[in-house]
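Okay, final_14.cif now, which holds mmCIF, C-alpha atoms:
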data_upload
#
loop_
_atom_site.label_atom_id
_atom_site.label_comp_id
_atom_site.auth_asym_id
_atom_site.auth_seq_id
_atom_site.Cartn_x
_atom_site.Cartn_y
_atom_site.Cartn_z
CA MET A 156 -31.09 54.54 -55.92
CA ILE A 157 -27.93 52.65 -56.92
CA ILE A 158 -25.36 51.89 -54.26
CA SER A 159 -21.88 51.61 -55.63
CA PRO A 160 -19.83 48.60 -54.44
CA LEU A 161 -17.47 49.18 -51.56
CA ASN A 162 -14.05 48.74 -53.09
CA LEU A 163 -11.31 48.26 -50.47
CA ASP A 164 -7.63 47.93 -51.07
CA PRO A 165 -6.75 44.23 -50.40
CA ILE A 166 -3.78 45.31 -48.32
CA VAL A 167 -6.00 47.57 -46.22
CA LEU A 168 -8.57 44.76 -45.81
CA ALA A 169 -5.87 42.25 -44.80
CA ALA A 170 -4.46 44.69 -42.29
CA HIS A 171 -7.94 45.24 -40.87
CA VAL A 172 -8.54 41.50 -40.49
CA ALA A 173 -5.12 41.05 -38.92
CA GLY A 174 -5.89 43.84 -36.47
CA ILE A 175 -9.14 42.19 -35.41
CA LEU A 176 -7.39 38.87 -34.88
CA CYS A 177 -4.69 40.55 -32.84
CA LEU A 178 -7.26 42.36 -30.73
CA SER A 179 -8.97 39.04 -30.01
CA ARG A 180 -5.69 37.94 -28.30
CA ARG A 181 -5.73 34.67 -30.25
CA ILE A 182 -2.99 35.56 -32.72
CA ALA A 183 0.16 37.67 -32.40
CA TYR A 184 3.21 38.10 -34.58
CA VAL A 185 6.86 39.04 -34.38
CA GLN A 186 9.15 40.12 -37.24
CA LEU A 187 12.73 38.90 -37.11
CA SER A 188 15.78 40.35 -38.79
CA PRO A 189 18.22 38.15 -40.77
CA GLN A 190 20.27 38.07 -37.56
CA LEU A 191 17.16 36.58 -35.82
CA THR A 192 16.61 39.61 -33.62
CA VAL A 193 13.20 41.20 -33.03
CA VAL A 194 12.36 44.06 -35.41
CA GLN A 195 8.75 44.62 -34.42
CA THR A 196 5.79 42.81 -32.81
CA SER A 197 2.02 43.03 -32.79
CA SER A 198 0.49 45.15 -30.07
CA ASN A 199 -0.75 42.07 -28.22
CA PHE A 200 2.52 40.11 -28.41
CA SER A 201 3.66 40.70 -24.82
CA THR A 202 0.14 40.16 -23.49
CA LEU A 203 -0.33 36.85 -25.30
CA LEU A 204 3.04 35.52 -24.12
CA GLU A 205 2.74 37.10 -20.66
CA MET A 206 6.07 38.90 -20.77
CA PRO A 207 7.06 42.50 -20.05
CA ASP A 208 6.89 44.67 -23.18
CA THR A 209 10.09 46.55 -22.31
CA ALA A 210 13.33 45.84 -24.20
CA ILE A 211 11.71 43.35 -26.59
CA ILE A 212 12.93 45.06 -29.76
CA GLY A 213 16.48 43.99 -30.63
CA GLN A 214 16.46 40.82 -28.53
CA HIS A 215 17.53 37.55 -30.10
CA ILE A 216 14.59 35.17 -30.63
CA SER A 217 16.28 32.43 -28.56
CA ASP A 218 16.69 34.82 -25.62
CA LEU A 219 13.11 35.99 -25.90
CA MET A 220 11.34 32.65 -26.35
CA TRP A 221 12.75 29.34 -25.10
CA GLU A 222 10.76 27.51 -27.75
CA PHE A 223 13.35 28.51 -30.36
CA VAL A 224 16.45 27.53 -28.40
CA GLY A 225 18.43 25.10 -30.56
CA LEU A 226 16.43 25.94 -33.71
CA GLU A 227 18.65 28.78 -34.94
CA ASP A 228 20.10 26.77 -37.85
CA THR A 229 16.58 25.76 -38.91
CA LEU A 230 15.50 29.42 -38.92
CA ARG A 231 18.46 30.33 -41.16
CA GLU A 232 17.50 27.52 -43.56
CA ILE A 233 14.02 29.07 -43.80
CA LEU A 234 15.49 32.53 -44.20
CA HIS A 235 17.49 31.42 -47.27
CA GLY A 236 14.61 29.48 -48.79
CA ARG A 237 16.01 26.00 -48.21
CA LEU A 238 13.09 25.15 -45.92
CA PRO A 239 9.53 26.43 -46.44
CA LYS A 240 8.53 26.90 -42.80
CA LEU A 241 8.82 25.81 -39.18
CA HIS A 242 5.60 24.79 -37.45
CA LEU A 243 5.68 24.15 -33.69
CA LYS A 244 2.29 22.72 -32.70
CA MET A 245 0.64 22.62 -29.30
CA VAL A 246 3.57 23.91 -27.27
CA ASN A 247 2.81 23.47 -23.58
CA CYS A 248 3.44 26.68 -21.61
CA THR A 249 2.82 27.65 -18.01
CA ASN A 250 1.23 30.99 -17.18
CA GLU A 251 2.28 33.14 -14.25
CA ASP A 252 -0.76 31.95 -12.28
CA GLY A 253 0.31 28.31 -12.76
CA THR A 254 -2.32 27.43 -15.35
CA THR A 255 -1.38 25.69 -18.59
CA CYS A 256 -1.78 27.24 -22.01
CA TYR A 257 -1.03 25.90 -25.49
CA LEU A 258 0.60 27.95 -28.25
CA THR A 259 1.33 27.24 -31.90
CA PHE A 260 4.29 28.91 -33.65
CA LEU A 261 4.45 29.22 -37.45
CA THR A 262 7.65 30.72 -38.87
CA THR A 263 7.89 31.67 -42.56
CA PRO A 264 10.10 33.99 -44.64
CA LEU A 265 8.68 37.44 -45.37
CA LYS A 266 9.98 37.09 -48.93
CA PRO A 267 11.68 33.82 -49.83
CA GLU A 268 13.58 35.44 -52.65
CA LYS A 269 14.82 38.26 -50.40
CA PRO A 270 16.49 36.90 -47.24
CA ASP A 271 17.29 40.39 -46.06
CA ARG A 272 13.59 40.94 -45.34
CA GLY A 273 13.78 38.53 -42.40
CA LEU A 274 11.21 36.16 -40.94
CA LEU A 275 7.64 36.36 -39.66
CA VAL A 276 6.58 34.33 -36.63
CA LEU A 277 2.82 33.90 -36.14
CA ILE A 278 1.80 32.85 -32.63
CA GLU A 279 -1.68 31.44 -32.05
CA ASP A 280 -3.26 30.75 -28.67
CA VAL A 281 -4.87 27.31 -29.03
CA THR A 282 -5.41 26.69 -25.32
CA GLU A 283 -9.05 25.68 -25.64
CA LYS A 284 -8.25 23.21 -28.41
CA GLY A 285 -5.21 21.91 -26.50
CA ARG A 286 -7.15 21.39 -23.29
CA LEU A 287 -9.91 19.64 -25.21
CA GLN A 288 -7.37 17.34 -26.88
CA GLN A 289 -5.70 16.60 -23.55
CA ALA A 290 -9.08 15.86 -21.98
CA ILE A 291 -9.89 13.50 -24.86
CA ILE A 292 -6.51 11.76 -24.48
CA GLN A 293 -6.99 11.45 -20.72
CA ASP A 294 -10.54 10.10 -21.15
CA ARG A 295 -9.29 7.64 -23.76
CA ASN A 296 -6.52 6.46 -21.45
CA GLU A 297 -8.91 6.13 -18.52
CA LEU A 298 -11.33 4.16 -20.70
CA ARG A 299 -8.50 1.90 -21.82
CA LEU A 300 -7.45 1.31 -18.20
CA LEU A 301 -11.07 0.72 -17.20
CA LYS A 302 -11.47 -1.76 -20.05
CA ASP A 303 -8.32 -3.60 -18.93
CA ARG A 304 -9.58 -3.71 -15.34
CA LEU A 305 -12.99 -4.96 -16.44
CA LEU A 306 -11.37 -7.68 -18.55
CA ARG A 307 -9.26 -8.77 -15.60
CA VAL A 308 -12.26 -8.74 -13.27
CA ASN A 309 -14.26 -10.69 -15.84
CA ASP A 310 -11.50 -13.29 -16.08
CA GLU A 311 -11.31 -13.51 -12.29
CA LEU A 312 -15.09 -13.89 -12.02
CA HIS A 313 -15.02 -16.58 -14.71
CA GLN A 314 -12.28 -18.45 -12.85
CA LEU A 315 -14.14 -18.02 -9.57
CA ASP A 316 -17.33 -19.35 -11.16
CA GLN A 317 -15.45 -22.39 -12.46
CA MET A 318 -13.83 -22.94 -9.07
CA LYS A 319 -17.20 -22.66 -7.31
CA SER A 320 -18.72 -25.20 -9.69
CA LEU A 321 -15.83 -27.55 -9.00
CA PHE A 322 -16.17 -26.82 -5.29
CA MET A 323 -19.86 -27.73 -5.28
CA ALA A 324 -19.05 -31.00 -7.02
CA MET A 325 -16.32 -31.74 -4.45
CA VAL A 326 -18.60 -30.83 -1.53
CA ALA A 327 -21.32 -33.12 -2.87
CA HIS A 328 -18.74 -35.92 -3.11
CA ASP A 329 -17.23 -35.19 0.30
CA ILE A 330 -20.68 -35.24 1.93
CA ARG A 331 -21.92 -38.31 0.05
CA SER A 332 -18.78 -40.33 0.82
CA PRO A 333 -18.95 -40.19 4.66
CA LEU A 334 -22.72 -40.52 4.58
CA GLY A 335 -22.32 -43.73 2.60
CA VAL A 336 -19.82 -45.05 5.12
CA ILE A 337 -22.03 -44.08 8.07
CA SER A 338 -25.05 -45.70 6.45
CA ALA A 339 -23.16 -48.90 5.67
CA TYR A 340 -21.74 -49.31 9.17
CA ALA A 341 -25.08 -48.42 10.76
CA GLU A 342 -26.71 -51.24 8.78
CA LEU A 343 -23.92 -53.62 9.76
CA ALA A 344 -24.35 -52.60 13.41
CA GLN A 345 -28.08 -53.32 13.22
CA GLU A 346 -27.41 -56.79 11.77
CA GLN A 347 -24.89 -57.58 14.50
CA ILE A 348 -27.29 -56.38 17.20
CA LYS A 349 -30.02 -58.69 15.79
CA ARG A 350 -27.57 -61.58 15.92
CA GLY A 351 -26.56 -60.70 19.45
CA ASN A 352 -22.95 -60.10 18.38
CA THR A 353 -22.01 -56.86 20.14
CA GLU A 354 -18.27 -57.31 20.42
CA ILE A 355 -17.58 -55.82 16.98
CA LEU A 356 -19.89 -52.83 17.50
CA SER A 357 -17.15 -50.63 19.02
CA GLU A 358 -15.19 -50.85 15.76
CA TYR A 359 -18.28 -49.89 13.73
CA PHE A 360 -19.08 -46.99 16.04
CA TYR A 361 -15.47 -45.82 15.79
CA LYS A 362 -15.80 -45.72 11.99
CA ILE A 363 -19.12 -43.89 12.23
CA SER A 364 -17.64 -41.38 14.67
CA GLY A 365 -14.70 -40.68 12.37
CA GLN A 366 -16.94 -40.01 9.38
CA THR A 367 -19.21 -37.86 11.54
CA ASN A 368 -16.22 -35.73 12.52
CA ARG A 369 -15.27 -35.46 8.86
CA LEU A 370 -18.76 -34.15 8.05
CA ASN A 371 -18.62 -31.78 11.00
CA TYR A 372 -15.36 -30.21 9.79
CA LEU A 373 -16.74 -29.79 6.27
CA LEU A 374 -19.92 -28.13 7.52
CA SER A 375 -17.86 -25.90 9.83
CA ASP A 376 -15.80 -24.79 6.84
CA LEU A 377 -18.97 -23.90 4.92
CA LEU A 378 -20.42 -21.95 7.85
CA ASP A 379 -17.12 -20.14 8.46
CA LEU A 380 -16.82 -19.22 4.78
CA ASP A 381 -20.32 -17.77 4.87
CA ALA A 382 -19.46 -15.71 7.98
CA ILE A 383 -16.19 -14.52 6.41
CA GLU A 384 -17.88 -13.42 3.17
CA LYS A 385 -20.55 -11.55 5.16
CA GLY A 386 -17.97 -9.90 7.42
CA GLN A 387 -19.55 -11.55 10.48
CA LEU A 388 -16.58 -13.55 11.77
CA THR A 389 -16.38 -13.28 15.55
CA LEU A 390 -13.70 -14.41 18.00
CA ARG A 391 -14.35 -15.79 21.49
CA ARG A 392 -10.95 -15.30 23.07
CA GLU A 393 -9.82 -17.13 26.17
CA LYS A 394 -6.51 -17.58 27.93
CA THR A 395 -4.98 -20.69 26.35
CA ASP A 396 -1.77 -22.64 26.80
CA LEU A 397 -0.67 -22.96 23.17
CA VAL A 398 1.75 -25.80 24.00
CA ILE A 399 -1.07 -27.97 25.42
CA LEU A 400 -3.31 -27.10 22.47
CA LEU A 401 -0.67 -28.21 19.94
CA GLN A 402 -0.07 -31.43 21.85
CA GLU A 403 -3.80 -32.21 21.82
CA VAL A 404 -4.09 -31.60 18.07
CA ALA A 405 -1.00 -33.72 17.38
CA ASN A 406 -2.28 -36.56 19.60
CA SER A 407 -5.64 -36.58 17.78
CA LEU A 408 -3.80 -37.27 14.50
CA MET A 409 -1.10 -39.58 15.84
CA ALA A 410 -2.90 -42.75 14.75
CA TYR A 411 -3.02 -41.45 11.17
CA PHE A 412 0.69 -40.60 11.27
CA HIS A 413 1.54 -44.13 12.49
CA ASN A 414 -0.51 -45.66 9.67
CA LYS A 415 1.82 -44.02 7.12
CA ASN A 416 4.91 -44.69 9.24
CA PHE A 417 5.67 -40.97 9.63
CA GLN A 418 8.61 -39.64 11.59
CA PHE A 419 6.85 -37.06 13.76
CA GLU A 420 8.80 -34.50 15.80
CA LEU A 421 7.48 -32.00 18.34
CA ALA A 422 9.84 -29.17 19.32
CA LEU A 423 7.58 -27.16 21.59
CA LEU A 424 8.24 -24.40 24.10
CA PRO A 425 8.11 -25.18 27.80
CA SER A 426 4.56 -25.14 29.10
CA PRO A 427 2.78 -22.90 29.83
CA CYS A 428 2.76 -20.58 26.83
CA TYR A 429 -0.32 -18.46 27.41
CA ILE A 430 -1.95 -16.37 24.70
CA TRP A 431 -5.46 -14.98 24.27
CA ILE A 432 -7.11 -16.75 21.33
CA ASP A 433 -10.34 -18.27 20.11
CA ARG A 434 -9.40 -21.79 21.13
CA GLN A 435 -11.75 -23.53 18.68
CA LYS A 436 -10.60 -21.54 15.65
CA ILE A 437 -6.87 -21.86 16.36
CA THR A 438 -7.37 -25.60 16.97
CA ARG A 439 -8.85 -25.85 13.51
CA VAL A 440 -5.92 -23.88 12.09
CA PHE A 441 -3.40 -26.43 13.35
CA TYR A 442 -5.64 -29.40 12.60
CA ASN A 443 -6.01 -28.20 9.01
CA LEU A 444 -2.27 -27.65 8.51
CA LEU A 445 -1.31 -30.99 10.05
CA SER A 446 -4.02 -32.80 8.07
CA ASN A 447 -2.65 -31.26 4.87
CA ALA A 448 0.87 -32.32 5.83
CA TYR A 449 -0.48 -35.86 6.34
CA LYS A 450 -2.38 -35.92 3.02
CA TYR A 451 0.39 -34.40 0.88
CA THR A 452 3.33 -36.35 2.32
CA PRO A 453 3.99 -39.92 1.14
CA SER A 454 4.49 -42.83 3.54
CA ASP A 455 7.71 -42.88 5.57
CA GLY A 456 7.75 -39.09 5.42
CA ARG A 457 8.61 -36.56 8.10
CA ILE A 458 6.49 -33.89 9.85
CA ARG A 459 7.89 -31.44 12.39
CA ILE A 460 6.28 -28.81 14.64
CA HIS A 461 8.60 -26.16 16.03
CA MET A 462 7.78 -23.29 18.42
CA ALA A 463 9.78 -20.20 19.39
CA TYR A 464 9.33 -16.72 20.81
CA GLN A 465 10.06 -13.73 18.59
CA GLU A 466 9.73 -10.38 20.34
CA GLU A 467 6.01 -10.03 21.22
CA ASN A 468 4.96 -13.02 19.14
CA VAL A 469 5.03 -16.78 19.30
CA ILE A 470 6.13 -18.54 16.09
CA ILE A 471 4.83 -21.97 15.07
CA GLN A 472 6.36 -23.78 12.10
CA ILE A 473 4.87 -26.90 10.57
CA THR A 474 7.28 -28.58 8.15
CA ASP A 475 6.92 -31.67 5.98
CA ASN A 476 9.01 -33.33 3.28
CA GLY A 477 6.03 -34.04 1.04
CA TYR A 478 5.18 -33.24 -2.57
CA GLY A 479 5.79 -29.48 -2.31
CA MET A 480 4.49 -26.71 -4.60
CA ASN A 481 5.75 -24.43 -7.37
CA GLN A 482 5.59 -20.62 -7.25
CA ASP A 483 2.38 -20.38 -9.26
CA GLN A 484 0.64 -22.68 -6.80
CA LEU A 485 2.03 -20.75 -3.84
CA ASP A 486 0.64 -17.49 -5.28
CA GLN A 487 -2.89 -18.94 -5.30
CA LEU A 488 -2.65 -21.14 -2.24
CA PHE A 489 -4.82 -19.07 0.12
CA GLN A 490 -7.54 -18.26 -2.42
CA PRO A 491 -10.93 -19.87 -1.74
CA TYR A 492 -11.69 -23.04 -3.75
CA PHE A 493 -8.10 -23.36 -4.99
CA ARG A 494 -6.62 -26.85 -5.20
CA THR A 495 -3.50 -27.90 -7.02
CA LYS A 496 -3.66 -29.98 -10.16
CA GLU A 497 -1.80 -32.76 -8.37
CA ALA A 498 -4.47 -32.80 -5.63
CA HIS A 499 -7.20 -33.28 -8.23
CA GLU A 500 -5.33 -35.98 -10.10
CA SER A 501 -4.40 -37.90 -6.95
CA LYS A 502 -8.01 -37.86 -5.70
CA ILE A 503 -6.89 -36.40 -2.37
CA SER A 504 -10.02 -35.27 -0.52
CA GLY A 505 -10.53 -31.58 0.17
CA SER A 506 -12.78 -28.62 -0.55
CA GLY A 507 -10.19 -25.93 -1.31
CA LEU A 508 -11.48 -23.85 1.61
CA GLY A 509 -9.18 -24.92 4.42
CA LEU A 510 -6.17 -22.69 3.84
CA HIS A 511 -8.34 -19.68 2.99
CA ILE A 512 -10.10 -20.11 6.34
CA VAL A 513 -6.77 -20.74 8.12
CA LYS A 514 -5.35 -17.46 6.82
CA THR A 515 -8.51 -15.58 7.77
CA PHE A 516 -8.52 -17.02 11.32
CA VAL A 517 -4.83 -16.23 11.88
CA GLU A 518 -5.14 -12.66 10.58
CA ALA A 519 -8.30 -12.12 12.64
CA HIS A 520 -6.09 -12.76 15.70
CA GLY A 521 -3.65 -10.09 14.52
CA GLY A 522 -1.20 -12.71 13.30
CA SER A 523 0.26 -13.73 9.96
CA ILE A 524 0.91 -16.91 8.00
CA GLN A 525 3.60 -17.53 5.41
CA VAL A 526 4.56 -20.57 3.37
CA SER A 527 7.75 -21.65 1.63
CA SER A 528 7.87 -24.69 -0.61
CA GLN A 529 9.70 -26.44 -3.43
CA LEU A 530 8.42 -29.22 -5.63
CA GLY A 531 9.53 -32.60 -4.36
CA GLN A 532 11.06 -31.17 -1.19
CA GLY A 533 8.08 -30.36 0.99
CA SER A 534 6.59 -27.23 2.55
CA THR A 535 6.91 -25.09 5.67
CA PHE A 536 4.01 -23.07 7.06
CA THR A 537 5.03 -20.34 9.52
CA ILE A 538 2.40 -18.82 11.80
CA SER A 539 3.03 -15.77 13.97
CA LEU A 540 0.56 -14.97 16.77
CA PRO A 541 0.80 -11.99 19.13
CA ILE A 542 1.13 -12.71 22.83
CA PHE A 543 -1.47 -10.57 24.57
CA ALA A 544 -0.86 -12.24 27.93
CA HIS A 545 2.27 -14.19 28.84
CA GLU A 546 3.11 -15.64 32.22
#
Can the structure in the file be given as structure tokens, please?
Amino acid sequence: MIISPLNLDPIVLAAHVAGILCLSRRIAYVQLSPQLTVVQTSSNFSTLLEMPDTAIIGQHISDLMWEFVGLEDTLREILHGRLPKLHLKMVNCTNEDGTTCYLTFLTTPLKPEKPDRGLLVLIEDVTEKGRLQQAIIQDRNELRLLKDRLLRVNDELHQLDQMKSLFMAMVAHDIRSPLGVISAYAELAQEQIKRGNTEILSEYFYKISGQTNRLNYLLSDLLDLDAIEKGQLTLRREKTDLVILLQEVANSLMAYFHNKNFQFELALLPSPCYIWIDRQKITRVFYNLLSNAYKYTPSDGRIRIHMAYQEENVIIQITDNGYGMNQDQLDQLFQPYFRTKEAHESKISGSGLGLHIVKTFVEAHGGSIQVSSQLGQGSTFTISLPIFAHE
């Protein structure tokens, strides 16, 4: 049995295919007159564009679809064959339910040689493709941002690693140096004791005591840093006269200030000035700041401590006219292990932990610390501490 081939009229076949595509809601069309008004549409036109199907015929294309506003001259150029087509790709539209859809508009002449036939606009719903492209773009952007963050973190970790290596070298030096002094004076003391010469021993013991205190402060910094990094910093608050505390810290350093012929000024509040603080930690805050002022101010310099009340806080300013810092140094000043280039080159002792610990101690008390400085003009550290009890 011979089956004859199924011969279909190409026009009928094309119409059939077009009907299937229209039924799938992925493609719709609209025919425009030479005056750019709607002549006819596909049956799914209003559904695809989510618009009422009443009074569509006869409307101007710009009134019907905002996508064509301002493109009227371009449409006339296509109509008269001076342009082949107008292709609007991935037009972002918002549905009535608030979701986003993507449409593509392709406008061509029905017959280029006959402008009176009008134009054909094919509308394709490419929402799935558009959402996929947007997702890819978003993922690519997020990956780019993640890459940038990882690069920054890697740089920070590399810098931190270098700073820690330098810190370990400085700690080894800072421990070895006082140990050497202690050992030397201990041997000298033994020799003098054997000779029965005890008059000079007090000077040796004073030197040994000073180096022991230096070691104690360094070890305290290391222990405090470990507690800070583990989140185990604790405060043992007690009622303290801050004026007396500042006087005691200043007196402990007065001999050093005299050695460099400093002009030292205390402008304190009347005693008492009671606040609830961890006395040991706040003592170390002021000792650290005054020690830095001593180390980074040349001989014949000036150091000033000023106190004042400000609302529910007490303000303490420590000012010197020393070497000062630039803005880049100020931005890094409270980071652990940071030391200025000048500090390294001048061989000024230090671990780079002091100011980081100072800031942590002050903030743990609910206070704040700020610094202002200019190269060659000195620095001012301003501490604000809340007054929990004031008599």
Excluding segment 439-451 of chain A and its own-chain neighbours fewer than 5 positions away, which residues fall within 9 Å of it when counting all atoms listed in the file? Please give them as an MDAnalysis selection string.
chainID A and resid 372 401 404:405 407:408 411:412 415 417 434 456 458 473:479 498 503:504 509:510 512:514 516:517 533:534 536
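The smallest atom-to-atom distance between Asp271 of chain A and any of A:Ile471, A:Ile291, A:Leu187, A:Leu305, using only C-alpha atoms, is found for A:Leu187.
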What gap, in Å, lies between atom CA of Leu388 of chain A and atom CA of Asp433 of chain A?
11.4 Å
Please expand the PyMOL selection byres ((chain A and resi 285-289) around 12) into the concrete residues it hits in this file, giving the result as a ChimeraX atom specification.
/A:244-248,254-259,279-284,290-296
What does the PyMOL selection byres ((chain A and resi 480) around 7) select in this file, as a VMD selection string?
chain A and resid 478 to 479 481 to 482 484 to 485 528 to 530
Give me the residues near Ala341 of chain A as a ChimeraX atom specification, where near means some atom within 12 Å (using all atoms listed in the file) and where sequence neighbours in that chain fewer than 2 positions away do not count.
/A:333-339,343-348,356-364,366
Can you write just those residues out, C-alpha atoms, as a compact mmCIF listing (two decimals), in the coordinates of the input?
# COMPACT_ATOMS: atom_id res chain seq x y z
CA PRO A 333 -18.95 -40.19 4.66
CA LEU A 334 -22.72 -40.52 4.58
CA GLY A 335 -22.32 -43.73 2.60
CA VAL A 336 -19.82 -45.05 5.12
CA ILE A 337 -22.03 -44.08 8.07
CA SER A 338 -25.05 -45.70 6.45
CA ALA A 339 -23.16 -48.90 5.67
CA LEU A 343 -23.92 -53.62 9.76
CA ALA A 344 -24.35 -52.60 13.41
CA GLN A 345 -28.08 -53.32 13.22
CA GLU A 346 -27.41 -56.79 11.77
CA GLN A 347 -24.89 -57.58 14.50
CA ILE A 348 -27.29 -56.38 17.20
CA LEU A 356 -19.89 -52.83 17.50
CA SER A 357 -17.15 -50.63 19.02
CA GLU A 358 -15.19 -50.85 15.76
CA TYR A 359 -18.28 -49.89 13.73
CA PHE A 360 -19.08 -46.99 16.04
CA TYR A 361 -15.47 -45.82 15.79
CA LYS A 362 -15.80 -45.72 11.99
CA ILE A 363 -19.12 -43.89 12.23
CA SER A 364 -17.64 -41.38 14.67
CA GLN A 366 -16.94 -40.01 9.38
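Restricting the calculation to all atoms listed in the file, the smallest distance between Gln465 of chain A and any of A:Glu518, A:Ile538, A:Asn414, A:Val526 is found for A:Ile538.
One finds atom CA of Glu467 of chain A at 28.5 Å from atom CA of Gln490 of chain A.
Going from atom CA of Asp381 of chain A over to atom CA of Asn309 of chain A, you cover 22.7 Å.
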Given 5 Å on each side, where is the centre and what are the edge lengths in Å to one decimal of the axis-aligned box enclosing the listed atoms of segment 442-458 of chain A, as lines of an AutoDock Vina configuration file?
center_x = 1.3
center_y = -35.3
center_z = 6.7
size_x = 24.6
size_y = 25.2
size_z = 21.7
Do a neighbour search on Thr196 of chain A at 8 Å with only C-alpha atoms, toss out local chain neighbours closer than 5 positions, and write the hits as a PDB file with C-alpha atoms, in the coordinates of the input.
ATOM      1  CA  ALA A 183       0.160  37.670 -32.400  1.00  0.00           C
ATOM      2  CA  TYR A 184       3.210  38.100 -34.580  1.00  0.00           C
ATOM      3  CA  VAL A 185       6.860  39.040 -34.380  1.00  0.00           C
ATOM      4  CA  GLN A 186       9.150  40.120 -37.240  1.00  0.00           C
TER       5      GLN A 186
END
